[in-house]
Every structure is written in structure tokens, then in C-alpha cells.
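Asks: As input, take run-v4.txt (compact mmCIF, C-alpha atoms and all ligand atoms):
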```txt
# COMPACT_ATOMS: atom_id res chain seq x y z
CA MET Z 1 113.35 88.24 112.14
CA ASP Z 2 110.12 86.65 110.96
CA ILE Z 3 108.96 83.13 111.80
CA HIS Z 4 106.40 80.77 110.29
CA GLU Z 5 102.74 80.59 111.24
CA PHE Z 6 103.07 77.13 112.86
CA GLN Z 7 105.99 78.38 114.99
CA ALA Z 8 104.09 81.48 116.09
CA LYS Z 9 101.09 79.35 117.01
CA GLU Z 10 103.25 77.03 119.08
CA LEU Z 11 104.72 80.00 120.98
CA LEU Z 12 101.37 81.71 121.53
CA LYS Z 13 99.83 78.45 122.75
CA ARG Z 14 102.34 78.46 125.62
CA PHE Z 15 100.94 81.85 126.64
CA GLY Z 16 97.38 80.57 126.78
CA VAL Z 17 96.21 81.46 123.27
CA ASN Z 18 93.82 78.90 121.83
CA VAL Z 19 94.92 77.50 118.42
CA PRO Z 20 93.60 74.64 116.23
CA ARG Z 21 95.32 71.27 116.38
CA GLY Z 22 97.73 70.73 113.53
CA GLY Z 23 100.89 69.09 112.21
CA ILE Z 24 103.71 69.72 109.78
CA ALA Z 25 104.08 67.93 106.43
CA TYR Z 26 106.83 67.92 103.80
CA SER Z 27 105.11 65.73 101.22
CA PRO Z 28 101.55 65.04 99.99
CA GLU Z 29 101.61 61.61 101.68
CA GLN Z 30 102.64 63.16 104.96
CA ALA Z 31 99.90 65.79 104.59
CA VAL Z 32 97.27 63.06 104.27
CA TYR Z 33 98.76 61.19 107.23
CA ARG Z 34 98.77 64.35 109.38
CA ALA Z 35 95.10 64.91 108.61
CA SER Z 36 94.33 61.33 109.62
CA GLU Z 37 95.88 62.04 113.02
CA LEU Z 38 93.53 64.97 113.53
CA SER Z 39 89.82 64.72 114.18
CA GLY Z 40 87.03 66.32 112.16
CA ASP Z 41 85.83 65.97 108.61
CA LYS Z 42 87.51 69.01 107.08
CA TRP Z 43 91.13 70.07 107.12
CA VAL Z 44 93.06 73.17 106.13
CA VAL Z 45 96.28 72.81 104.13
CA LYS Z 46 98.46 75.88 104.69
CA ALA Z 47 101.66 76.83 102.88
CA GLN Z 48 104.31 77.90 105.39
CA ILE Z 49 106.07 80.93 103.96
CA HIS Z 50 107.08 84.22 105.53
CA SER Z 51 104.15 86.14 104.08
CA GLY Z 52 100.52 86.90 104.73
CA ALA Z 53 97.81 87.03 102.05
CA ARG Z 54 98.46 83.37 101.24
CA GLY Z 55 94.71 82.70 101.11
CA LYS Z 56 94.23 84.89 98.05
CA ALA Z 57 97.25 83.29 96.37
CA GLY Z 58 96.06 79.68 96.76
CA GLY Z 59 98.29 78.97 99.75
CA VAL Z 60 95.40 78.13 102.14
CA ARG Z 61 92.94 75.40 101.10
CA ILE Z 62 90.07 73.86 102.97
CA CYS Z 63 89.82 70.18 102.04
CA SER Z 64 87.15 67.53 102.66
CA ASP Z 65 88.96 64.30 101.79
CA GLU Z 66 92.33 62.66 101.21
CA ARG Z 67 92.33 63.36 97.50
CA GLU Z 68 91.79 67.09 98.02
CA ILE Z 69 94.51 67.24 100.67
CA SER Z 70 96.94 65.41 98.44
CA GLU Z 71 96.12 67.65 95.46
CA ALA Z 72 96.44 70.86 97.46
CA ALA Z 73 99.75 69.66 98.91
CA GLN Z 74 101.08 68.74 95.46
CA TRP Z 75 100.14 72.12 94.10
CA MET Z 76 101.78 74.03 96.97
CA LEU Z 77 104.98 72.10 97.69
CA GLY Z 78 108.00 73.24 95.71
CA ARG Z 79 106.13 76.26 94.39
CA MET Z 80 107.39 79.84 94.54
CA LEU Z 81 104.17 81.23 96.00
CA VAL Z 82 103.57 84.83 94.97
CA THR Z 83 101.42 86.98 97.26
CA HIS Z 84 101.12 90.74 97.23
CA GLN Z 85 103.64 90.76 100.09
CA THR Z 86 106.38 88.54 98.61
CA GLY Z 87 107.41 90.52 95.53
CA PRO Z 88 107.20 89.03 92.02
CA GLN Z 89 109.73 86.24 92.67
CA GLY Z 90 107.57 84.75 95.43
CA LYS Z 91 108.70 82.53 98.32
CA LEU Z 92 109.48 78.83 98.24
CA VAL Z 93 106.95 76.52 99.90
CA SER Z 94 108.84 73.61 101.39
CA ARG Z 95 106.59 72.96 104.40
CA LEU Z 96 102.88 72.67 104.95
CA TYR Z 97 100.84 72.97 108.09
CA ILE Z 98 97.76 70.74 108.24
CA GLU Z 99 95.03 71.77 110.65
CA GLU Z 100 91.59 70.69 111.74
CA ALA Z 101 89.22 73.08 110.01
CA THR Z 102 87.30 75.45 112.25
CA LYS Z 103 83.67 76.50 111.78
CA ILE Z 104 83.79 80.28 111.87
CA ALA Z 105 81.07 82.53 113.30
CA GLN Z 106 83.09 85.78 113.28
CA GLU Z 107 86.53 86.89 112.10
CA ILE Z 108 88.38 89.48 114.22
CA TYR Z 109 91.63 91.31 113.55
CA LEU Z 110 94.04 91.62 116.50
CA ALA Z 111 97.56 92.98 116.31
CA PHE Z 112 100.24 94.25 118.67
CA VAL Z 113 102.69 96.64 117.06
CA LEU Z 114 105.25 99.22 118.15
CA ASP Z 115 104.08 102.76 117.70
CA ARG Z 116 107.30 104.73 117.35
CA LYS Z 117 105.63 108.08 117.95
CA GLU Z 118 103.95 106.89 121.14
CA GLU Z 119 107.03 104.84 122.05
CA ARG Z 120 104.61 102.19 123.21
CA VAL Z 121 103.08 98.91 122.17
CA VAL Z 122 99.71 99.58 120.61
CA VAL Z 123 96.91 97.07 120.23
CA VAL Z 124 95.07 97.41 116.93
CA ALA Z 125 91.81 95.51 116.60
CA SER Z 126 88.78 95.28 114.37
CA ALA Z 127 85.53 93.36 114.64
CA GLN Z 128 85.75 92.78 110.87
CA GLY Z 129 88.94 90.78 110.47
CA GLY Z 130 89.89 88.37 107.72
CA MET Z 131 91.26 88.78 104.26
CA GLU Z 132 89.69 92.20 103.59
CA ILE Z 133 91.24 93.96 106.61
CA GLU Z 134 93.25 96.34 104.41
CA ASP Z 135 90.07 97.59 102.69
CA ILE Z 136 88.39 98.07 106.05
CA SER Z 137 91.24 100.10 107.50
CA ALA Z 138 91.24 102.24 104.33
CA ASN Z 139 87.46 102.72 104.00
CA GLU Z 140 86.27 102.64 107.60
CA PRO Z 141 89.26 103.86 109.63
CA ASP Z 142 86.99 104.81 112.54
CA SER Z 143 85.97 101.18 113.03
CA ILE Z 144 89.56 100.30 113.99
CA ILE Z 145 90.18 100.07 117.74
CA ARG Z 146 93.50 101.33 119.09
CA SER Z 147 94.69 100.92 122.64
CA VAL Z 148 98.09 102.00 123.96
CA VAL Z 149 99.80 99.78 126.55
CA ASP Z 150 101.66 101.36 129.45
CA PRO Z 151 105.02 99.55 129.58
CA ALA Z 152 105.33 100.07 133.35
CA VAL Z 153 102.37 97.79 134.06
CA GLY Z 154 101.91 95.87 130.80
CA MET Z 155 98.56 94.75 129.45
CA GLN Z 156 96.11 94.73 132.34
CA ALA Z 157 92.97 92.61 132.46
CA PHE Z 158 90.72 95.69 132.56
CA GLN Z 159 92.32 97.06 129.40
CA ALA Z 160 91.94 93.72 127.61
CA ARG Z 161 88.29 93.67 128.76
CA GLU Z 162 87.76 97.14 127.31
CA ILE Z 163 89.15 96.01 123.97
CA ALA Z 164 86.97 92.91 124.02
CA PHE Z 165 83.84 95.00 124.73
CA SER Z 166 84.75 97.49 121.98
CA LEU Z 167 84.86 94.52 119.59
CA GLY Z 168 81.22 93.89 120.50
CA LEU Z 169 81.90 90.39 121.77
CA ASP Z 170 79.22 88.43 123.59
CA PRO Z 171 79.75 88.81 127.38
CA ALA Z 172 80.15 85.04 127.67
CA LEU Z 173 83.25 85.28 125.44
CA ILE Z 174 84.94 88.09 127.37
CA PRO Z 175 87.05 85.89 129.72
CA GLN Z 176 88.47 83.95 126.74
CA ALA Z 177 89.15 87.18 124.85
CA VAL Z 178 90.96 88.66 127.85
CA LYS Z 179 93.07 85.51 128.14
CA THR Z 180 93.97 85.77 124.44
CA ILE Z 181 94.79 89.48 124.50
CA THR Z 182 96.89 89.37 127.66
CA GLY Z 183 98.57 86.14 126.44
CA CYS Z 184 99.62 87.76 123.16
CA TYR Z 185 100.98 90.79 124.97
CA ARG Z 186 102.98 88.64 127.39
CA ALA Z 187 104.38 86.60 124.49
CA MET Z 188 105.43 89.81 122.78
CA ALA Z 189 107.08 91.31 125.85
CA GLU Z 190 108.70 88.14 127.19
CA LEU Z 191 110.06 86.94 123.83
CA ASP Z 192 111.25 90.34 122.53
CA ALA Z 193 108.84 90.30 119.61
CA ASN Z 194 108.17 93.57 117.86
CA MET Z 195 104.96 92.41 116.21
CA VAL Z 196 102.20 89.92 116.88
CA GLU Z 197 99.34 89.76 114.41
CA ILE Z 198 96.38 87.42 114.52
CA ASN Z 199 94.19 87.65 111.48
CA PRO Z 200 91.74 86.13 111.79
CA LEU Z 201 91.14 85.62 115.47
CA VAL Z 202 87.83 83.83 115.25
CA VAL Z 203 84.77 83.15 117.30
CA THR Z 204 83.87 79.57 116.42
CA GLN Z 205 80.34 78.31 115.94
CA SER Z 206 80.73 76.40 119.19
CA GLY Z 207 81.57 79.61 121.07
CA GLU Z 208 85.33 79.44 121.36
CA ILE Z 209 87.91 82.10 120.62
CA MET Z 210 90.72 80.78 118.48
CA ALA Z 211 93.73 82.13 116.56
CA LEU Z 212 93.39 80.74 113.00
CA ASP Z 213 96.46 82.57 111.75
CA ALA Z 214 99.47 84.00 113.60
CA LYS Z 215 102.35 86.14 112.57
CA MET Z 216 105.24 87.14 114.84
CA SER Z 217 108.34 89.12 114.17
CA PHE Z 218 111.30 89.54 116.50
CA ASP Z 219 113.85 92.19 117.34
CA ASP Z 220 117.12 91.04 115.72
CA ASN Z 221 119.12 92.89 118.35
CA ALA Z 222 117.56 90.82 121.13
CA LEU Z 223 118.09 87.41 119.53
CA TYR Z 224 121.35 86.89 121.39
CA ARG Z 225 119.35 86.45 124.59
CA ARG Z 226 116.58 84.34 122.97
CA PRO Z 227 118.37 81.26 121.65
CA GLU Z 228 115.09 79.33 121.45
CA ILE Z 229 113.73 82.04 119.13
CA SER Z 230 116.83 82.42 116.97
CA GLU Z 231 116.64 78.67 116.31
CA LEU Z 232 113.36 79.31 114.51
CA ARG Z 233 115.13 81.28 111.78
CA ASP Z 234 114.43 80.00 108.25
CA LYS Z 235 117.02 81.46 105.93
CA SER Z 236 115.28 80.02 102.87
CA GLN Z 237 112.59 82.67 103.42
CA GLU Z 238 114.96 85.61 103.69
CA ASP Z 239 116.63 87.84 101.11
CA SER Z 240 119.70 85.73 100.20
CA ARG Z 241 121.75 88.89 99.66
CA GLU Z 242 121.05 89.95 103.25
CA THR Z 243 121.70 86.50 104.71
CA TYR Z 244 125.14 86.38 103.04
CA ALA Z 245 126.12 89.78 104.42
CA GLU Z 246 124.64 89.19 107.86
CA ASP Z 247 126.49 85.89 108.25
CA ARG Z 248 129.71 87.89 107.72
CA GLY Z 249 128.85 90.64 110.17
CA LEU Z 250 128.15 93.32 107.55
CA ALA Z 251 125.24 95.73 107.98
CA TYR Z 252 123.55 95.29 104.60
CA ILE Z 253 120.06 95.96 103.33
CA GLY Z 254 119.07 95.00 99.80
CA LEU Z 255 117.34 97.63 97.64
CA ASP Z 256 116.05 97.59 94.07
CA GLY Z 257 118.49 99.81 92.11
CA GLU Z 258 121.68 99.28 90.10
CA ILE Z 259 124.33 101.27 91.98
CA GLY Z 260 126.08 99.13 94.60
CA CYS Z 261 127.28 101.05 97.67
CA ILE Z 262 130.13 100.39 100.10
CA VAL Z 263 130.25 103.03 102.80
CA ASN Z 264 131.44 103.35 106.37
CA GLY Z 265 129.04 104.61 109.00
CA ALA Z 266 125.26 104.24 108.89
CA GLY Z 267 124.65 107.99 108.60
CA LEU Z 268 127.08 108.43 105.72
CA ALA Z 269 125.59 105.35 104.05
CA MET Z 270 122.11 106.90 104.24
CA ALA Z 271 123.42 110.22 102.88
CA THR Z 272 125.14 108.33 100.05
CA LEU Z 273 121.86 106.69 99.04
CA ASP Z 274 120.20 110.11 98.95
CA MET Z 275 123.00 111.60 96.85
CA ILE Z 276 122.80 108.75 94.33
CA LYS Z 277 119.08 109.35 93.98
CA MET Z 278 119.61 113.10 93.58
CA ALA Z 279 122.16 112.38 90.85
CA GLY Z 280 119.48 110.39 89.00
CA GLY Z 281 120.48 106.86 89.97
CA GLU Z 282 118.97 104.14 92.15
CA PRO Z 283 120.99 102.49 94.93
CA ALA Z 284 121.13 98.68 94.95
CA ASN Z 285 121.87 98.42 98.65
CA PHE Z 286 122.75 99.98 101.95
CA LEU Z 287 126.08 98.70 103.27
CA ASP Z 288 128.02 99.88 106.30
CA VAL Z 289 131.48 98.25 106.40
CA GLY Z 290 131.97 99.54 109.94
CA GLY Z 291 135.03 101.07 111.58
CA GLY Z 292 138.56 99.65 111.23
CA ALA Z 293 137.76 97.78 108.01
CA SER Z 294 140.64 95.52 106.97
CA PRO Z 295 141.36 94.86 103.27
CA GLU Z 296 139.66 91.44 103.77
CA ARG Z 297 136.53 93.11 105.05
CA VAL Z 298 136.45 95.45 102.06
CA LEU Z 299 136.84 92.48 99.73
CA MET Z 300 133.97 90.75 101.54
CA SER Z 301 131.83 93.87 101.12
CA PHE Z 302 132.45 93.79 97.37
CA LYS Z 303 131.36 90.15 97.31
CA ALA Z 304 128.19 91.01 99.22
CA VAL Z 305 127.38 93.86 96.83
CA LEU Z 306 128.08 91.74 93.75
CA ASN Z 307 125.79 88.94 94.98
CA ASP Z 308 123.07 91.21 93.69
CA ARG Z 309 122.75 90.52 89.96
CA ASN Z 310 121.22 93.97 89.38
CA VAL Z 311 124.39 95.82 90.34
CA GLU Z 312 125.92 97.61 87.33
CA ALA Z 313 128.22 100.15 88.99
CA ILE Z 314 129.80 100.52 92.44
CA LEU Z 315 130.46 103.50 94.67
CA VAL Z 316 132.88 103.23 97.58
CA ASN Z 317 132.53 106.17 99.95
CA ILE Z 318 134.77 106.21 103.02
CA PHE Z 319 135.24 108.92 105.56
CA ALA Z 320 138.01 107.39 107.63
CA GLY Z 321 138.14 108.24 111.31
CA ILE Z 322 138.82 104.89 112.93
CA ASN Z 323 139.19 103.47 109.43
CA ARG Z 324 142.38 103.86 107.40
CA CYS Z 325 142.17 104.93 103.77
CA ASP Z 326 145.25 102.89 102.86
CA TRP Z 327 143.59 99.69 104.10
CA ILE Z 328 140.41 100.52 102.26
CA ALA Z 329 142.40 101.24 99.08
CA GLU Z 330 144.24 97.92 99.38
CA GLY Z 331 140.92 96.14 99.79
CA VAL Z 332 139.49 97.93 96.75
CA ILE Z 333 142.48 96.92 94.60
CA ARG Z 334 142.29 93.32 95.77
CA ALA Z 335 138.57 93.17 95.10
CA TYR Z 336 139.02 94.68 91.63
CA ARG Z 337 141.62 92.06 90.68
CA GLU Z 338 140.30 88.98 92.50
CA LEU Z 339 136.69 89.53 91.44
CA ASP Z 340 137.67 90.63 87.94
CA LEU Z 341 135.42 93.66 88.14
CA LYS Z 342 133.96 94.65 84.78
CA MET Z 343 131.76 97.56 85.85
CA PRO Z 344 132.42 101.23 86.65
CA LEU Z 345 133.91 101.76 90.12
CA VAL Z 346 134.03 105.16 91.79
CA VAL Z 347 136.03 105.61 95.00
CA ARG Z 348 135.89 108.58 97.29
CA LEU Z 349 138.32 108.54 100.20
CA SER Z 350 138.65 111.10 102.94
CA GLY Z 351 140.22 111.19 106.43
CA THR Z 352 142.98 109.11 108.02
CA ASN Z 353 145.87 108.25 105.64
CA VAL Z 354 143.97 109.68 102.70
CA GLU Z 355 147.13 110.55 100.73
CA GLN Z 356 148.46 107.00 101.02
CA GLY Z 357 145.06 105.61 100.04
CA ARG Z 358 144.80 107.76 96.93
CA ARG Z 359 148.38 106.89 95.92
CA ILE Z 360 147.69 103.16 96.21
CA ILE Z 361 144.70 103.51 93.89
CA LYS Z 362 146.59 105.69 91.40
CA ASP Z 363 149.65 103.40 91.37
CA SER Z 364 147.51 100.34 90.72
CA GLY Z 365 146.91 101.56 87.18
CA LEU Z 366 143.36 100.18 87.35
CA PRO Z 367 140.55 102.16 85.69
CA ILE Z 368 139.11 103.26 89.03
CA ILE Z 369 137.37 106.64 89.00
CA THR Z 370 138.28 108.75 92.02
CA ALA Z 371 136.34 111.63 93.56
CA GLU Z 372 137.06 114.26 96.19
CA THR Z 373 133.58 114.97 97.50
CA LEU Z 374 130.40 112.98 98.00
CA VAL Z 375 128.52 115.10 95.44
CA ASP Z 376 131.19 114.44 92.80
CA ALA Z 377 131.29 110.76 93.66
CA ALA Z 378 127.52 110.36 93.28
CA ASN Z 379 127.46 112.23 89.97
CA LEU Z 380 130.45 110.32 88.63
CA VAL Z 381 129.04 106.90 89.45
CA VAL Z 382 125.61 107.68 88.02
CA ASN Z 383 127.14 109.11 84.81
CA ALA Z 384 129.53 106.19 84.46
CA TRP Z 385 126.59 103.82 84.92
CA LYS Z 386 124.54 105.68 82.27
CA ASP Z 387 127.50 105.48 79.88
CA THR Z 388 127.30 101.68 80.07
CA LYS Z 389 123.80 101.95 78.57
CA PRO Z 390 124.22 103.80 75.28
CA ALA Z 391 120.95 102.51 73.83
CA GLN Z 392 118.79 103.87 76.64
CA LYS Z 393 120.69 107.11 76.72
CA GLY Z 394 120.07 107.56 72.99
CA ALA Z 395 116.35 106.98 73.50
CA ALA Z 396 116.10 109.52 76.31
P1 LIG L 1 96.65 84.43 105.06
O1 LIG L 1 95.81 84.59 103.83
O2 LIG L 1 98.10 84.22 104.73
O3 LIG L 1 96.45 85.54 106.02
O4 LIG L 1 96.20 83.05 105.75
P2 LIG L 1 95.09 82.74 106.86
O5 LIG L 1 95.62 81.71 107.76
O6 LIG L 1 94.59 83.99 107.50
O7 LIG L 1 93.93 82.10 106.00
C1 LIG L 1 93.21 82.85 105.04
C2 LIG L 1 91.71 82.72 105.27
O8 LIG L 1 91.33 81.38 105.17
C3 LIG L 1 91.26 83.19 106.64
O9 LIG L 1 91.04 84.58 106.69
C4 LIG L 1 90.00 82.40 106.83
O10 LIG L 1 88.91 83.11 106.28
C5 LIG L 1 90.22 81.15 105.99
N1 LIG L 1 90.50 80.02 106.90
C6 LIG L 1 91.69 79.65 107.44
N2 LIG L 1 91.54 78.60 108.26
C7 LIG L 1 90.22 78.28 108.23
C8 LIG L 1 89.42 77.28 108.88
O11 LIG L 1 89.88 76.44 109.67
N3 LIG L 1 88.10 77.28 108.60
C9 LIG L 1 87.53 78.17 107.74
N4 LIG L 1 86.23 78.11 107.53
N5 LIG L 1 88.23 79.13 107.13
C10 LIG L 1 89.56 79.18 107.37
MN MN L 2 95.76 85.74 107.88
```
Mind converting the file's structure to C-alpha cells?
Replies:
Amino acid sequence: MDIHEFQAKELLKRFGVNVPRGGIAYSPEQAVYRASELSGDKWVVKAQIHSGARGKAGGVRICSDEREISEAAQWMLGRMLVTHQTGPQGKLVSRLYIEEATKIAQEIYLAFVLDRKEERVVVVASAQGGMEIEDISANEPDSIIRSVVDPAVGMQAFQAREIAFSLGLDPALIPQAVKTITGCYRAMAELDANMVEINPLVVTQSGEIMALDAKMSFDDNALYRRPEISELRDKSQEDSRETYAEDRGLAYIGLDGEIGCIVNGAGLAMATLDMIKMAGGEPANFLDVGGGASPERVLMSFKAVLNDRNVEAILVNIFAGINRCDWIAEGVIRAYRELDLKMPLVVRLSGTNVEQGRRIIKDSGLPIITAETLVDAANLVVNAWKDTKPAQKGAA
């Protein structure tokens, strides 16, 4: 789960990380008022969306007076802000964060990520942070500092000091840098975050170290024991297809293709996606209905899959161990009728009560295509989907 910049800053502040003073605004008037509560003669208006690279997209503006603040706020609020991380549809800006502007002497990149190969948290840092960090990591990979944290002892002061020295920081700044680095690590470990990224972490002209941006992401499987974190969820920033499914306890991940998938078991679901691709199609989603799926649950899965406007054909692939094919079949029939399905539907059933399941589908008289094996099922659904597009097929 991702959170907003202002939320991440609030959390990190509790762990001793220095952040600029700021306030939230929902309207241009409020933005101006927030700025008036802060000191200084320049302010930064920042669009709060779950994405980085807002600066290059117009979502971060440094303003010198009320008129500029009001104009920036008007431009941002209500906009679907498109950055190179949001996808072409962008993300809705409904909140702004107004901060005192900081005079920057140096921009540093500092991130804490999970390295799955090392099975450890790794600190990634660069003395050249800011908006061009991606170019730097591509063109000067050797300038990137990496430091692996031993989970048994956590981030130790000496290790943080080493990182700070590698960044070439002035010795006078080392204690502040150590406080920041150990604070971020503690926030990550104690809040079950799986990513903390500060870009830029700046050295100010007055010799302070300060996090000007902050991004945190959390382990969904740990949210049950972090109620104060799960409250920070902003569903308006998430894939609405995934939110719908998640709210109903379905394991669903939205993809970009046209073939909707309803499968039981994560492994079989992954294999099904591969088979669809090998058959020349593109899956629209990953969906694991889970074991013991009742007809209601199958119907719900169909609804989740059909929430995606791109879906043009559906494949149901069930290998029933704990599941029962007759229940699945009943769910499929109900979904077909209740949702008035107009697209090709291929069903492959195997395992417990398979004969009953197949009979239910046959007796329904509905134009459901059935398959015996996964290979057949994938080919059938992709071909049926292609048949719905005679024009493209003719051109090919
Ligand atoms: P991002 O583009 O979504 O990563 O948003 P950031 O919060 O990182 O802001 C983008 C850029 O705006 C930063 O890399 C800074 O260079 C600049 N910026 C942000 N806040 C300030 C500030 O208070 N003062 C100055 N001078 N620049 C700022
Ligand atoms: Mn940033």
C-alpha cells in the first residue's frame, strides 16, 4: 500500500527526520491561507498523488506570492495529473500540500528497499539526487552507494556514518545525516514498510539536512497489525478494479490485456496467464478465487473481471481439490444469466465432482465453450476472442 507524501513526512518526522513545515489544502483559498500560516517568502505547492515525478509534470510549483499560489492550486486541483509513473490516465489531484520553500545547497538521493536476492534491506544513496536520479543510475552506476543492513542488529550508527561519508558530506553535517538515516530505517522496520525513498534529501543553504520529498510503501500483509497505517489508505489513488476485488476478499491484479481470467490457486493462475500469452492473447487480470468457492463467490469473480472495460473474452480454469466443480459450474451459469454475458466464455473444469460440473454446464444450454485441458482452454479462448474481431483478423 502506498501513502501520500505529506503522510510519509508526518511518519518520518516522528522518527527524527527533519521535514519542512507544511499544511494540507483542498481549495485555492485554503492553499493561500496555509501559506500565510507558514513563515518565509516562498512556498511550494505540491499535488498529493501516489506518484513520483510530479515536478516534471507541473505538480510541484515554487510560488512567491498569493496570486501564484492560488493559480498553481487552481491548475492542480481536480486535474488528472499524468506523470511517467501514473500511466496515460493519470491520477486525480484532490489534495495539495503547501510547504515553506527551502533554499537548497545539495540534493541527495536516499532510499531503503528490500533486496530479494540478499533477503535484506538495502540502503541506496547518491550524492546527486533530484529529478535526474534515473539518468544518473543509468549513466554513472558506480556513483550509487549501496549498503546492506543486517536484520539482527538493524541500522547501526557506524553504518549510517559510513554512508554519510561516502556521500561526501561535510563532517559538521554527519550527526544530522546519521539521525536521518537511522530514523528512516527505524520507521521502515517498526511500521512494516517495504520501501522508504527520499528524493531529494537536501542540504539547505543554512546547513541543515531535510527531507523535501518522501515516499513510503507498506506490506499489505502486515496492515492488520498497523491500524494507524491502514487508515492512511487512499482508495482514490488505487486501481479501482483492484479495490473492488480486494474489498471482497478476492486476490486480483489488473493487467492490460483483453482476456479475463478466473482461476483457483495462485500457481495455476500464473500458468494460465502464460498459456494465454503463448496462445497469442493478452490476459486482462490475475484472479485467484481461492479454495471452496461458492456459486456466489464465482459470480463475484465475474463481476470483478467485468469491471475492466477492456475484457472481451473470459476463461474460467478450475482444478478442484478443495473446490467443487458443481459449485463452480452453478456460479458460472448464474453469472452468465445475471450479468447477461455477451462475450465468449471458455470453461475448463477438472477435479472434484467434475462430471456433475460439466453436466450442469451442458444442461444449461448456454453457448459456453468447454475444454478438457489448459492448453485447449487457452487456445479456445484466444481463438474465440479473435473471432469477435473479423476486421483485424482480415487485415492480419
Ligand atoms: P517529485 O517530482 O514528485 O519527486 O516531487 P519532489 O517533491 O521531489 O519535487 C520535485 C523537485 O522540486 C525537487 O527535486 C526539488 O528540486 C524541487 N523542490 C521541491 N521542494 C523545493 C523547495 O522547497 N525548494 C526548492 N528550491 N526546490 C524544491
Ligand atoms: Mn521527489
Asks: To one decimal place in Å, what is the distance between CA of Lys9 in chain Z and CA of Asp213 in chain Z?
Replies: 7.7 Å
Asks: Can you tell me which residues come within 10 Å of ligand LIG 1 (chain L) when counting all atoms listed in the file, ideally as a VMD selection string?
Replies: chain Z and resid 5 20 42 to 63 83 85 98 to 109 129 to 133 197 to 202 204 210 to 215
Asks: Tell me, as a list of chain:residue names, which residues lie within 10 Å of Cys261 in chain Z, counting only C-alpha atoms; anything in the same chain fewer than 2 positions away does not count.
Replies: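 So the residues in contact are Z:Tyr252, Z:Glu258, Z:Ile259, Z:Val263, Z:Asn264, Z:Ala269, Z:Thr272, Z:Leu273, Z:Ile276, Z:Pro283, Z:Ala284, Z:Asn285, Z:Phe286, Z:Leu287, Z:Asp288, Z:Ser301, Z:Phe302, Z:Val305, Z:Val311, Z:Ala313, Z:Ile314, Z:Leu315, Z:Val316, Z:Asn317, Z:Val346.
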Asks: What's the 6 Å shell around Ala193 in chain Z, counting all atoms listed in the file, without same-chain residues fewer than 2 positions away, as a PDB file with C-alpha atoms, in the frame of the given file?
Replies:
```
ATOM      1  CA  MET Z 188     105.430  89.810 122.780  1.00  0.00           C
ATOM      2  CA  LEU Z 191     110.060  86.940 123.830  1.00  0.00           C
ATOM      3  CA  MET Z 195     104.960  92.410 116.210  1.00  0.00           C
ATOM      4  CA  SER Z 217     108.340  89.120 114.170  1.00  0.00           C
ATOM      5  CA  PHE Z 218     111.300  89.540 116.500  1.00  0.00           C
ATOM      6  CA  ASP Z 219     113.850  92.190 117.340  1.00  0.00           C
TER       7      ASP Z 219
END
```
Asks: Could you list, as a list in words, every residue within 10 Å of Pro151 in chain Z, counting all atoms listed in the file and ignoring same-chain residues fewer than 5 positions away?
Replies: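 Counting all atoms listed in the file, the residues come to Glu119, Arg120, Val121 and Ala189 of chain Z.
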Asks: Using only C-alpha atoms, please write the residues we just selected to a file, as a PDB file, in the coordinates of the input.
Replies:
```pdb
ATOM      1  CA  GLU Z 119     107.030 104.840 122.050  1.00  0.00           C
ATOM      2  CA  ARG Z 120     104.610 102.190 123.210  1.00  0.00           C
ATOM      3  CA  VAL Z 121     103.080  98.910 122.170  1.00  0.00           C
ATOM      4  CA  ALA Z 189     107.080  91.310 125.850  1.00  0.00           C
TER       5      ALA Z 189
END
```
Asks: Looking at all atoms listed in the file, which of Z:Arg67, Z:Arg79, Z:Arg297, Z:Arg95 is the one that sits closest to Gly23 in chain Z?
Replies: Z:Arg95
Asks: If we draw a sphere of 12 Å around (86.5, 93.8, 122.3), which residues have at least one atom in it when counting all atoms listed in the file? Please report them as number ranges by chain.
Replies: Z: 108-110, 123-128, 143-147, 158-171, 173-178, 180-181, 201, 203, 209
Asks: In Å to one decimal, how far is CA of Gly291 in chain Z from CA of Gly249 in chain Z?
Replies: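 Answer for the CA of Gly249 in chain Z to CA of Gly291 in chain Z separation: 12.2 Å.
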Asks: CA of Ser364 in chain Z to CA of Gly290 in chain Z: how many Å, to one decimal?
Replies: 24.7 Å
Asks: Might you pull out every residue within 12 Å of Arg14 in chain Z, with only C-alpha atoms counted and same-chain residues fewer than 5 positions away left off, and present them as an mmCIF file with C-alpha atoms, in the coordinates of the input?
Replies:
```cif
data_model
loop_
_atom_site.group_PDB
_atom_site.id
_atom_site.type_symbol
_atom_site.label_atom_id
_atom_site.label_comp_id
_atom_site.auth_asym_id
_atom_site.auth_seq_id
_atom_site.Cartn_x
_atom_site.Cartn_y
_atom_site.Cartn_z
ATOM 1 C CA GLN Z 7 105.990 78.380 114.990
ATOM 2 C CA ALA Z 8 104.090 81.480 116.090
ATOM 3 C CA LYS Z 9 101.090 79.350 117.010
ATOM 4 C CA VAL Z 19 94.920 77.500 118.420
ATOM 5 C CA LYS Z 179 93.070 85.510 128.140
ATOM 6 C CA THR Z 180 93.970 85.770 124.440
ATOM 7 C CA GLY Z 183 98.570 86.140 126.440
ATOM 8 C CA CYS Z 184 99.620 87.760 123.160
ATOM 9 C CA ARG Z 186 102.980 88.640 127.390
ATOM 10 C CA ALA Z 187 104.380 86.600 124.490
ATOM 11 C CA GLU Z 190 108.700 88.140 127.190
ATOM 12 C CA LEU Z 191 110.060 86.940 123.830
#
```
Asks: Measuring atom to atom with all atoms listed in the file, identify which of Z:Asp41, Z:Lys342, Z:Asp387, Z:Glu134 is nearest to ligand MN 2 (chain L).
Replies: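 Of Z:Asp41, Z:Lys342, Z:Asp387, Z:Glu134, the one nearest ligand MN 2 (chain L) is Z:Glu134, counting all atoms listed in the file.
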Asks: Given the choices Z:Asp142, Z:Gly90, Z:Lys13, Z:Val196, which gets closest to ligand MN 2 (chain L) if the distance is worked out from only C-alpha atoms and all ligand atoms?
Replies: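 Looking only at the distances to ligand MN 2 (chain L), the closest residue turns out to be Z:Val196.
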Asks: Compile the contact shell of Ile229 in chain Z as a ChimeraX atom specification: residues with an atom at most 10 Å away, counting only C-alpha atoms, same-chain residues fewer than 3 positions apart removed.
Replies: /Z:1,3,7,11,191-193,218,222-226,232-233
Asks: Using only C-alpha atoms, which residue out of Z:Ala293, Z:Leu299, Z:Ile318, Z:Leu81 lies closest to Leu341 in chain Z?
Replies: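 Closest residue, counting only C-alpha atoms: Z:Leu299.
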Asks: Kindly indicate which residue among Z:Gly265, Z:Gly22, Z:Gly281, Z:Pro28 lies nearest to Gln74 in chain Z, using only C-alpha atoms for the distances.
Replies: Z:Pro28
Asks: So which one's closest to ligand MN 2 (chain L), Z:Ala111, Z:Leu366, Z:Ala378, Z:Ala72? Using only C-alpha atoms and all ligand atoms, please.
Replies: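 Closest candidate: Z:Ala111.
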